[in-house]
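J.: A single structure is presented below for examination.
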Amino acid sequence: MQVNLIGPADAQIMLVGDAPSEEDSKTGLPFSGTPGRTLDNLLTQAEIARYKCLLTNVAKEYPPAGRISYFFEDKKCTIPKPKLQYWVDELKADLELYRPNIIIALGPIALWALTGEKKISIFRGYILPCKLVKGLKIIPIYSPQSVTYDWKLYFQTVIDFRKALTHSKFPEIPETKSIFLPNVGLQRFITYMEECMEHPEWDKLAIDVETVQPGSHIEELGLSHHPDFGISIFLLKGRAPALPEKDELLLWQTFAKLITMKKLVMQNGAYDTGVLWFNQHILCKDLYMDTLIAAHVCWPELPRDLGFLGSVCLDVKPWKGGSAKDQDYNPADAANTLGIAEVLDIELDKQKVRPTFEFEMSLIPVALMMQLQGIKVDTEIQAKLIEIWTKKRDKMLSELNTIVGREINFNSSQQMQVLLYDELKLPVQWKRRKSKNQKRTKTVDAAAIRKLSRLVPDNPIFNLFLDYKKANTLLKFLDVKLSENDTVHTSYNITGAASDDEEDTKKTKRSFGRWSSSGSIILPFGSGNLQNIPPEARKMYKARKGWKIIEADYAQAEAVIVAHLTGDHKLKKMFKDSFGLSNSEKTALGYDIHKMTIADMLGIDFSLVTKEIRTIGKTVRHANSYSAGPTVLANRLGIKLSEAKVYMELYHRANPTLRIWHTSIQNDLKRSRTLTNLLGRKHRFLDRWGDGLFRSAYSYIPQSTIGDLLNVALKKVYDSLSSLPYEMEILLQLHDAIYVMIKDENIDHTVRHLRKLMLNPLTYYGEEFIVDVDFKVKTSWAEGEELDISWRSEELKNGFV
DNA sequence: GATTTTACGTA
DNA sequence: CGTACGTAAAATCT
């Protein structure tokens, strides 16, 4: 059935979809099926009354199998068939008749018909002029179908509908008064900087640098004192300097003076300030706002690239990802960063999250220092390790080839599938799916191989294959490029993922407040991420001669937090009683969470718990804390599913508070979809309602609290460096551990110093508690010993506990 | 050549 | 039906 336009003639809003759904074509009404119900939900959230809107589609019929390309001559959907062209003309007539203030293009075909553009992911949220009927304005928004399919789009789509509502009050396209002066000469640029200095009321200054790799040399420098103005100058033309040396010096001198007088604003300032320091030796001391950080704190679940933030915060033309190579790019970035900053400044207070923002801003210097400093590799050990493991790997590879009888690429999952499942006819292992309606896919990952090796015990190929893969992976961590000084570097990302991929706006950004670590663009040496180096590869990170590496990590950190969240009195008491004791004292007195777990589960005496039984306790607690299932437990312990189920039930009987806590988390989510960790960091969970969402939420408070707790301490350690009577290098941040390097004679002082800075009380429902810290003294990142210090008497004096 | 999929390292 | 993160190689798309 044909589905025609409906709605009141005086409507201010018109919704245009791509084509009716199958259900719509039965009822003859647009947006009446399942996506229609999603649309209702979205409109309600945005406070738009559906009955006041005109509803229609570009295509008026449901295409066979829902494939919109049916209405086009070509696959790429650029040349419409006559029928579709007729409908487009009909749409044009409707637009001329009703002339709504805003037309919402719900999907790529609607966007194409109305504006000629295709990429909804780039243009969504931006106000565009209508090409079909001049003088009307369009806002592209993800279709309800896309939201139904990918629930993570929900929140930003509601924001877009709210923007549409605002624009429905008036017909005009907001005029852009922006002035962009790209690529100006030296005189003009310096005059501008002087003008800024003469106007103290222009209190904010946005800075944006474009760089060329390798080396992150500054190619273009953009400035803006007002959201409607941006200016830029080129420092490089290709690889050659664009300015005479004298002129460039004058430029940087003026710039250095200017930045001391302004509140500085940047997008991802850790990078720009890093480059300015590394290449120009200009220190941006007080960054007023990093819009990446502000956006992360306000909307941790949304993308944070400038294009997205512009679409949400501003009423400007889309300036990112457009087809034309725009020379305004850099000055527009600077101006829009300033505009976004003004919006976020208000949003931070509205959401009452400024303390978290200030905290994250204060971490920029320490994160940057750690990136630029890097950590040193012992090249002799590195060479030796590479040699050993290359030999081992090659030997295993030739053995594998002999067994198989021909050469295959064991790194190819496809070739492995052919070998194992087609030729050897082994039982196919399927990959775990996120939901039942996902398609089943085969897998040959390590877990699958281990399962096969249990099913076919006498075949050596499985273990050989696993060992080969291990060696191969390890070599990637060993065989890395080093800087001139034999160092490797990593970029610590305070907001988690750097997130500047403009294409992939679908991916919601999580970031639970923990730092992530990725390859440094400024100093591209090492394997990039330094938070996932395996133990064997850690051997090549040696302490300097006469120095030691101190590892300080929070003891049983997540378990302590969970004990308090769940109100598990017995466990809380155990942690409190064992606080400040040495490890040998803890062992002697039986303060062992995993032993306690299994003893309680089985109702046996502590003394009867063997090492093997303890492992069961450890694994069961772990599985349950994160709400894993019995299958996982069975696999991990190598036991029957039925046995695993019994263990899980025994655990819950001994620890009844866990399930109650899980229920309370679900209730919190139901109320606001928002959780707040013990240090005030908020996170809104936007995934589709269900177990996946719950599991993610259960892990949020423990994980993010520890992340923040560690960074509070890290900041204190950084701030203490200048007043320490000896040299200390901060080497690594590993989520719940800090690594520093000091001379041998300073071990004692360092340990006391770190402990004091790291023991910071947490509060939950009025009850204060402290997560204990363990120390190791190491000769390399891998090798060293645990310190067995009893702090109890010492700290009783100092008023701890 | 660019993007997606698969697998795997850490906390 | 642990989660969080980033990277590399293979596979696939254009």
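Labels used: A, B, ... for chains in the order of the structure tokens, numbers from 1 for residues in each chain, and numbers from 1 for ligands as shown.
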May I have all residues of stretch 141-306 of chain A that DSSP, computed from the backbone, assigns to strand (DSSP E), given as an mmCIF file with C-alpha atoms, in the first residue's frame?

T.:
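states_23.cif, written as the output of this step:
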data_model
loop_
_atom_site.group_PDB
_atom_site.id
_atom_site.type_symbol
_atom_site.label_atom_id
_atom_site.label_comp_id
_atom_site.auth_asym_id
_atom_site.auth_seq_id
_atom_site.Cartn_x
_atom_site.Cartn_y
_atom_site.Cartn_z
ATOM 1 C CA ILE A 141 18.958 13.191 12.222
ATOM 2 C CA ILE A 179 35.139 35.823 9.717
ATOM 3 C CA PHE A 180 37.976 33.437 9.062
ATOM 4 C CA LEU A 181 41.374 34.679 7.999
ATOM 5 C CA LYS A 204 39.745 33.758 26.423
ATOM 6 C CA LEU A 205 41.971 32.622 23.602
ATOM 7 C CA ALA A 206 41.521 29.420 21.632
ATOM 8 C CA ILE A 207 44.617 27.847 20.101
ATOM 9 C CA ASP A 208 44.777 25.119 17.485
ATOM 10 C CA VAL A 209 47.894 23.774 15.826
ATOM 11 C CA GLU A 210 48.097 21.615 12.715
ATOM 12 C CA THR A 211 51.164 19.418 12.628
ATOM 13 C CA VAL A 212 53.045 17.259 10.143
ATOM 14 C CA HIS A 217 56.241 19.940 13.538
ATOM 15 C CA ILE A 218 53.824 22.819 13.576
ATOM 16 C CA GLU A 219 52.558 23.567 10.094
ATOM 17 C CA GLU A 220 49.777 26.005 10.897
ATOM 18 C CA LEU A 221 48.893 27.992 14.009
ATOM 19 C CA GLY A 222 45.299 29.150 14.512
ATOM 20 C CA LEU A 223 43.961 31.594 17.108
ATOM 21 C CA SER A 224 40.569 32.885 18.094
ATOM 22 C CA HIS A 225 39.371 35.360 20.718
ATOM 23 C CA HIS A 226 35.696 35.164 19.666
ATOM 24 C CA PHE A 229 36.515 34.961 14.379
ATOM 25 C CA GLY A 230 39.519 32.811 13.527
ATOM 26 C CA ILE A 231 42.939 33.563 12.076
ATOM 27 C CA SER A 232 45.870 31.379 11.094
ATOM 28 C CA ILE A 233 49.416 31.536 9.836
ATOM 29 C CA PHE A 234 51.534 28.890 8.115
ATOM 30 C CA LEU A 236 55.705 25.299 7.054
ATOM 31 C CA LYS A 237 55.125 25.050 3.345
ATOM 32 C CA ALA A 240 60.340 23.875 4.398
ATOM 33 C CA PRO A 241 59.944 26.840 6.762
ATOM 34 C CA LYS A 263 42.583 31.985 29.580
ATOM 35 C CA LEU A 264 43.648 29.345 27.077
ATOM 36 C CA VAL A 265 41.191 27.025 25.378
ATOM 37 C CA MET A 266 42.120 23.981 23.277
ATOM 38 C CA LEU A 287 45.125 25.837 30.329
ATOM 39 C CA TYR A 288 41.680 27.181 31.169
ATOM 40 C CA MET A 289 39.689 24.602 29.297
ATOM 41 C CA ASP A 290 40.362 21.552 27.256
#

J.: Could you list, as a PDB file with N, CA and C atoms (P, O5', C5', C4', C3', O3' and C1' of nucleotides), in the first residue's frame, every residue within 10 Å of B:DG9, counting only C-alpha atoms (C1' of nucleotides) and ignoring same-chain residues fewer than 5 positions away?

T.:
ATOM      1  N   THR A 473      53.165 -13.230  19.334  1.00  0.00           N
ATOM      2  CA  THR A 473      52.607 -12.023  19.943  1.00  0.00           C
ATOM      3  C   THR A 473      53.661 -11.317  20.786  1.00  0.00           C
ATOM      4  N   LEU A 474      54.388 -12.111  21.573  1.00  0.00           N
ATOM      5  CA  LEU A 474      55.400 -11.536  22.448  1.00  0.00           C
ATOM      6  C   LEU A 474      56.426 -10.734  21.656  1.00  0.00           C
ATOM      7  N   PHE A 477      55.901  -7.171  21.109  1.00  0.00           N
ATOM      8  CA  PHE A 477      56.175  -6.273  22.232  1.00  0.00           C
ATOM      9  C   PHE A 477      57.681  -6.076  22.430  1.00  0.00           C
ATOM     10  N   ASN A 529      50.720   1.384  23.214  1.00  0.00           N
ATOM     11  CA  ASN A 529      50.100   1.173  24.514  1.00  0.00           C
ATOM     12  C   ASN A 529      51.115   0.589  25.497  1.00  0.00           C
ATOM     13  N   GLN A 531      50.239   0.021  28.670  1.00  0.00           N
ATOM     14  CA  GLN A 531      49.484  -0.611  29.756  1.00  0.00           C
ATOM     15  C   GLN A 531      49.154  -2.068  29.440  1.00  0.00           C
ATOM     16  N   ASN A 532      49.696  -2.591  28.341  1.00  0.00           N
ATOM     17  CA  ASN A 532      49.427  -4.010  28.050  1.00  0.00           C
ATOM     18  C   ASN A 532      50.689  -4.783  27.677  1.00  0.00           C
ATOM     19  N   ILE A 533      51.808  -4.447  28.317  1.00  0.00           N
ATOM     20  CA  ILE A 533      53.050  -5.158  28.051  1.00  0.00           C
ATOM     21  C   ILE A 533      53.073  -6.459  28.863  1.00  0.00           C
ATOM     22  N   PRO A 534      53.286  -7.613  28.217  1.00  0.00           N
ATOM     23  CA  PRO A 534      53.313  -8.878  28.957  1.00  0.00           C
ATOM     24  C   PRO A 534      54.551  -8.992  29.840  1.00  0.00           C
ATOM     25  N   PRO A 535      54.488  -9.806  30.892  1.00  0.00           N
ATOM     26  CA  PRO A 535      55.581  -9.912  31.865  1.00  0.00           C
ATOM     27  C   PRO A 535      56.941 -10.189  31.223  1.00  0.00           C
TER      28      PRO A 535
ATOM     29  P    DG C   6      41.577   3.229  24.033  1.00  0.00           P
ATOM     30  O5'  DG C   6      42.832   2.308  23.663  1.00  0.00           O
ATOM     31  C5'  DG C   6      44.104   2.620  24.211  1.00  0.00           C
ATOM     32  C4'  DG C   6      45.149   1.791  23.505  1.00  0.00           C
ATOM     33  C3'  DG C   6      45.279   2.091  22.011  1.00  0.00           C
ATOM     34  O3'  DG C   6      46.654   2.178  21.694  1.00  0.00           O
ATOM     35  C1'  DG C   6      44.726  -0.213  22.335  1.00  0.00           C
ATOM     36  P    DT C   7      47.165   2.371  20.199  1.00  0.00           P
ATOM     37  O5'  DT C   7      47.462   0.911  19.686  1.00  0.00           O
ATOM     38  C5'  DT C   7      48.489   0.175  20.321  1.00  0.00           C
ATOM     39  C4'  DT C   7      48.714  -1.109  19.583  1.00  0.00           C
ATOM     40  C3'  DT C   7      48.927  -0.933  18.075  1.00  0.00           C
ATOM     41  O3'  DT C   7      50.135  -1.594  17.757  1.00  0.00           O
ATOM     42  C1'  DT C   7      47.243  -2.566  18.505  1.00  0.00           C
TER      43       DT C   7
END

J.: Within 6 Å of chain A, which residues of chain C are there when counting only C-alpha atoms (C1' of nucleotides)? Please give them as a PyMOL selection string.

T.: chain C and resi 2-3+5-6

J.: Within 10 Å of A:Gly617, counting only C-alpha atoms (C1' of nucleotides), which residues qualify if same-chain residues fewer than 5 places away don't, as a list in words?

T.: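 Final neighbour list, sorted by chain and number: Ile593, His594, Lys595, Met596, Thr597, Ile598, Ala599, Asp600, Met601, Leu602, Val609, Lys611, Glu612, His622, Ala623, Tyr647 and Tyr651 of chain A.
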
J.: Tell me which protein, DNA and RNA residues are within 12 Å of A:Leu385, counting only C-alpha atoms (C1' of nucleotides), leaving out same-chain ones fewer than 5 positions away, and put them as a list in words.

T.: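 Listing them by chain and then by number gives Asp378, Thr379, Glu380, Thr390, Lys391, Lys392, Arg393, Ala471, Leu474, Leu475, Lys476, Phe477, Leu478, Asp479, Val480, Glu536, Ala537, Arg538, Lys539, Met540 and Tyr541 of chain A.
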
J.: Write out as a ChimeraX atom specification the residues lying within 12 Å of A:Pro144, counting only C-alpha atoms (C1' of nucleotides) and excluding same-chain residues fewer than 2 positions away.

T.: /A:15-21,31-43,104-107,141-142,146-151,153-154,157-158,161

J.: Which of these, A:Ser642, A:Thr441, A:Asn463, A:Ser664, has the shortest distance to chain B once you count only C-alpha atoms (C1' of nucleotides)?

T.: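 Closest candidate: A:Thr441.
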
J.: Would you work out the distance separating atom CA of A:Val773 from atom CA of A:Ala555, expressed in Å to one decimal?

T.: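 Separation of atom CA of A:Val773 and atom CA of A:Ala555: 5.3 Å.
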
J.: Would you kindly report the residues of chain B within 7 Å of chain A, using only C-alpha atoms (C1' of nucleotides), as a PyMOL selection string?

T.: chain B and resi 7+9-11

J.: Export, as an mmCIF file, in the first residue's frame, the selected residues with N, CA, C and O atoms (P, O5', C5', C4', C3', O3' and C1' of nucleotides).

T.:
data_model
loop_
_atom_site.group_PDB
_atom_site.id
_atom_site.type_symbol
_atom_site.label_atom_id
_atom_site.label_comp_id
_atom_site.auth_asym_id
_atom_site.auth_seq_id
_atom_site.Cartn_x
_atom_site.Cartn_y
_atom_site.Cartn_z
ATOM 1 P P DA B 7 38.932 -15.334 15.824
ATOM 2 O "O5'" DA B 7 40.202 -14.790 16.601
ATOM 3 C "C5'" DA B 7 41.472 -14.782 15.953
ATOM 4 C "C4'" DA B 7 42.463 -14.060 16.824
ATOM 5 C "C3'" DA B 7 42.413 -14.465 18.312
ATOM 6 O "O3'" DA B 7 43.680 -15.009 18.655
ATOM 7 C "C1'" DA B 7 42.526 -12.108 18.030
ATOM 8 P P DG B 9 47.957 -13.162 24.437
ATOM 9 O "O5'" DG B 9 48.331 -11.958 25.421
ATOM 10 C "C5'" DG B 9 49.611 -11.364 25.351
ATOM 11 C "C4'" DG B 9 49.519 -9.916 25.775
ATOM 12 C "C3'" DG B 9 48.898 -9.698 27.153
ATOM 13 O "O3'" DG B 9 49.884 -9.872 28.165
ATOM 14 C "C1'" DG B 9 48.022 -8.152 25.591
ATOM 15 P P DT B 10 49.422 -10.255 29.638
ATOM 16 O "O5'" DT B 10 48.956 -8.862 30.235
ATOM 17 C "C5'" DT B 10 49.926 -7.848 30.523
ATOM 18 C "C4'" DT B 10 49.217 -6.564 30.871
ATOM 19 C "C3'" DT B 10 48.396 -6.607 32.154
ATOM 20 O "O3'" DT B 10 49.220 -6.169 33.216
ATOM 21 C "C1'" DT B 10 47.135 -5.637 30.396
ATOM 22 P P DA B 11 48.686 -6.455 34.740
ATOM 23 O "O5'" DA B 11 47.477 -5.426 34.878
ATOM 24 C "C5'" DA B 11 47.749 -4.037 35.054
ATOM 25 C "C4'" DA B 11 46.450 -3.321 35.337
ATOM 26 C "C3'" DA B 11 45.801 -3.742 36.650
ATOM 27 O "O3'" DA B 11 45.627 -2.632 37.477
ATOM 28 C "C1'" DA B 11 44.253 -3.953 34.830
#

J.: Mind checking DSSP for stretch 424-494 of chain A and telling me the alpha helix (DSSP H) residues as a list in words?

T.: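 So, restricting stretch 424-494 of chain A to alpha helix (DSSP H), we get Ala446, Ala447, Ala448, Ile449, Arg450, Lys451, Leu452, Ser453, Arg454, Leu455, Ile461, Phe462, Asn463, Leu464, Phe465, Leu466, Asp467, Tyr468, Lys469, Lys470, Ala471, Asn472, Thr473, Leu474, Leu475, Lys476, Phe477 and Leu478 of chain A.
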
J.: Just the residues within 9 Å of A:Tyr126, please, counting only C-alpha atoms (C1' of nucleotides), with nothing from its chain fewer than 6 positions along; format it as an MDAnalysis selection string.

T.: chainID A and resid 138:141 160 310:312 314:318

J.: Skip A:Trp299 itself and residues of its chain fewer than 3 positions away, then list as an MDAnalysis selection string all residues within 12 Å of it, counting only C-alpha atoms (C1' of nucleotides).

T.: chainID A and resid 155:156 159 291:296 302:304 308:309 312 344 347:348 351 353 357 495 508:512 674 681:686

J.: Those residues you just picked out, can you put them in a file as a short mmCIF file (atom, residue, chain, number, x, y, z; two decimals), in the first residue's frame with N, CA, C and O atoms?

T.:
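part-v9.cif written:
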data_model
loop_
_atom_site.label_atom_id
_atom_site.label_comp_id
_atom_site.auth_asym_id
_atom_site.auth_seq_id
_atom_site.Cartn_x
_atom_site.Cartn_y
_atom_site.Cartn_z
N PHE A 155 20.86 8.79 22.66
CA PHE A 155 21.02 10.05 23.39
C PHE A 155 21.32 11.22 22.46
O PHE A 155 20.71 12.28 22.55
N GLN A 156 22.24 11.01 21.53
CA GLN A 156 22.58 12.12 20.64
C GLN A 156 21.42 12.45 19.71
O GLN A 156 21.26 13.59 19.29
N ILE A 159 19.16 14.77 21.53
CA ILE A 159 19.75 16.12 21.49
C ILE A 159 19.44 16.78 20.14
O ILE A 159 19.08 17.96 20.08
N THR A 291 38.48 21.35 25.73
CA THR A 291 37.09 20.97 25.41
C THR A 291 36.93 19.45 25.35
O THR A 291 35.84 18.94 25.58
N LEU A 292 38.00 18.74 25.04
CA LEU A 292 37.93 17.28 25.04
C LEU A 292 37.62 16.77 26.45
O LEU A 292 36.77 15.91 26.66
N ILE A 293 38.31 17.34 27.44
CA ILE A 293 38.11 16.93 28.83
C ILE A 293 36.73 17.38 29.32
O ILE A 293 36.00 16.61 29.94
N ALA A 294 36.35 18.62 29.00
CA ALA A 294 35.04 19.11 29.44
C ALA A 294 33.92 18.24 28.86
O ALA A 294 32.98 17.87 29.58
N ALA A 295 34.05 17.88 27.58
CA ALA A 295 33.03 17.04 26.95
C ALA A 295 33.01 15.65 27.59
O ALA A 295 31.96 15.07 27.82
N HIS A 296 34.19 15.16 27.91
CA HIS A 296 34.28 13.85 28.54
C HIS A 296 33.58 13.81 29.89
O HIS A 296 32.92 12.84 30.24
N LEU A 302 29.32 10.07 24.94
CA LEU A 302 29.17 10.55 23.57
C LEU A 302 30.52 10.74 22.89
O LEU A 302 31.54 10.84 23.55
N PRO A 303 30.51 10.80 21.54
CA PRO A 303 31.75 11.14 20.84
C PRO A 303 32.23 12.52 21.27
O PRO A 303 31.45 13.33 21.77
N ARG A 304 33.53 12.77 21.05
CA ARG A 304 34.07 14.04 21.55
C ARG A 304 34.88 14.78 20.50
O ARG A 304 35.58 15.73 20.82
N PHE A 308 31.53 16.62 16.08
CA PHE A 308 30.36 16.24 16.86
C PHE A 308 30.00 17.32 17.87
O PHE A 308 28.83 17.73 17.98
N LEU A 309 31.00 17.81 18.61
CA LEU A 309 30.72 18.82 19.62
C LEU A 309 30.13 20.08 18.97
O LEU A 309 29.22 20.71 19.53
N VAL A 312 26.46 19.67 18.35
CA VAL A 312 25.64 19.69 19.55
C VAL A 312 25.59 21.08 20.18
O VAL A 312 24.55 21.55 20.63
N LEU A 344 30.17 24.52 27.01
CA LEU A 344 30.55 23.52 28.01
C LEU A 344 30.77 24.14 29.39
O LEU A 344 30.51 23.51 30.41
N GLU A 347 27.52 24.14 30.87
CA GLU A 347 27.07 22.76 31.08
C GLU A 347 27.73 22.13 32.32
O GLU A 347 27.10 21.39 33.06
N LEU A 348 29.02 22.46 32.53
CA LEU A 348 29.75 21.90 33.68
C LEU A 348 29.06 22.26 34.99
O LEU A 348 28.96 21.43 35.90
N GLN A 351 25.41 20.59 35.26
CA GLN A 351 25.47 19.18 35.66
C GLN A 351 26.20 18.98 36.98
O GLN A 351 26.32 17.86 37.46
N VAL A 353 29.38 19.10 37.66
CA VAL A 353 30.52 18.18 37.51
C VAL A 353 31.85 18.94 37.39
O VAL A 353 32.85 18.37 36.99
N PHE A 357 35.90 17.92 36.38
CA PHE A 357 36.58 18.61 35.28
C PHE A 357 37.92 19.19 35.74
O PHE A 357 38.95 18.97 35.11
N THR A 495 41.14 11.18 29.02
CA THR A 495 39.71 10.95 28.73
C THR A 495 39.48 9.59 28.09
O THR A 495 38.48 9.37 27.45
N THR A 508 30.05 4.59 20.85
CA THR A 508 29.97 5.44 22.02
C THR A 508 31.29 5.34 22.76
O THR A 508 31.91 4.30 22.80
N LYS A 509 31.68 6.46 23.34
CA LYS A 509 32.91 6.48 24.07
C LYS A 509 32.57 6.19 25.52
O LYS A 509 31.69 6.79 26.09
N ARG A 510 33.28 5.25 26.09
CA ARG A 510 32.99 4.90 27.46
C ARG A 510 33.87 5.69 28.41
O ARG A 510 33.50 6.75 28.85
N SER A 511 35.02 5.18 28.62
CA SER A 511 35.95 5.75 29.58
C SER A 511 35.35 5.81 30.97
O SER A 511 34.50 6.62 31.28
N PHE A 512 35.81 4.91 31.79
CA PHE A 512 35.32 4.82 33.16
C PHE A 512 36.22 5.62 34.09
O PHE A 512 36.32 5.32 35.26
N THR A 674 22.04 6.71 35.59
CA THR A 674 23.31 7.34 35.97
C THR A 674 23.85 6.73 37.25
O THR A 674 23.10 6.50 38.19
N ARG A 681 32.46 10.99 40.31
CA ARG A 681 32.41 10.93 38.85
C ARG A 681 31.11 10.24 38.41
O ARG A 681 30.77 9.18 38.90
N LYS A 682 30.44 10.91 37.49
CA LYS A 682 29.16 10.38 37.02
C LYS A 682 29.30 9.71 35.67
O LYS A 682 30.10 10.14 34.84
N HIS A 683 28.50 8.69 35.45
CA HIS A 683 28.45 8.07 34.13
C HIS A 683 27.02 7.66 33.83
O HIS A 683 26.35 7.06 34.67
N ARG A 684 26.59 8.02 32.61
CA ARG A 684 25.24 7.64 32.20
C ARG A 684 25.35 6.45 31.25
O ARG A 684 26.18 6.45 30.35
N PHE A 685 24.54 5.43 31.48
CA PHE A 685 24.61 4.21 30.69
C PHE A 685 23.51 4.21 29.65
O PHE A 685 22.33 4.20 29.98
N LEU A 686 23.94 4.21 28.38
CA LEU A 686 22.97 4.39 27.30
C LEU A 686 22.69 3.12 26.51
O LEU A 686 21.89 3.12 25.60
#
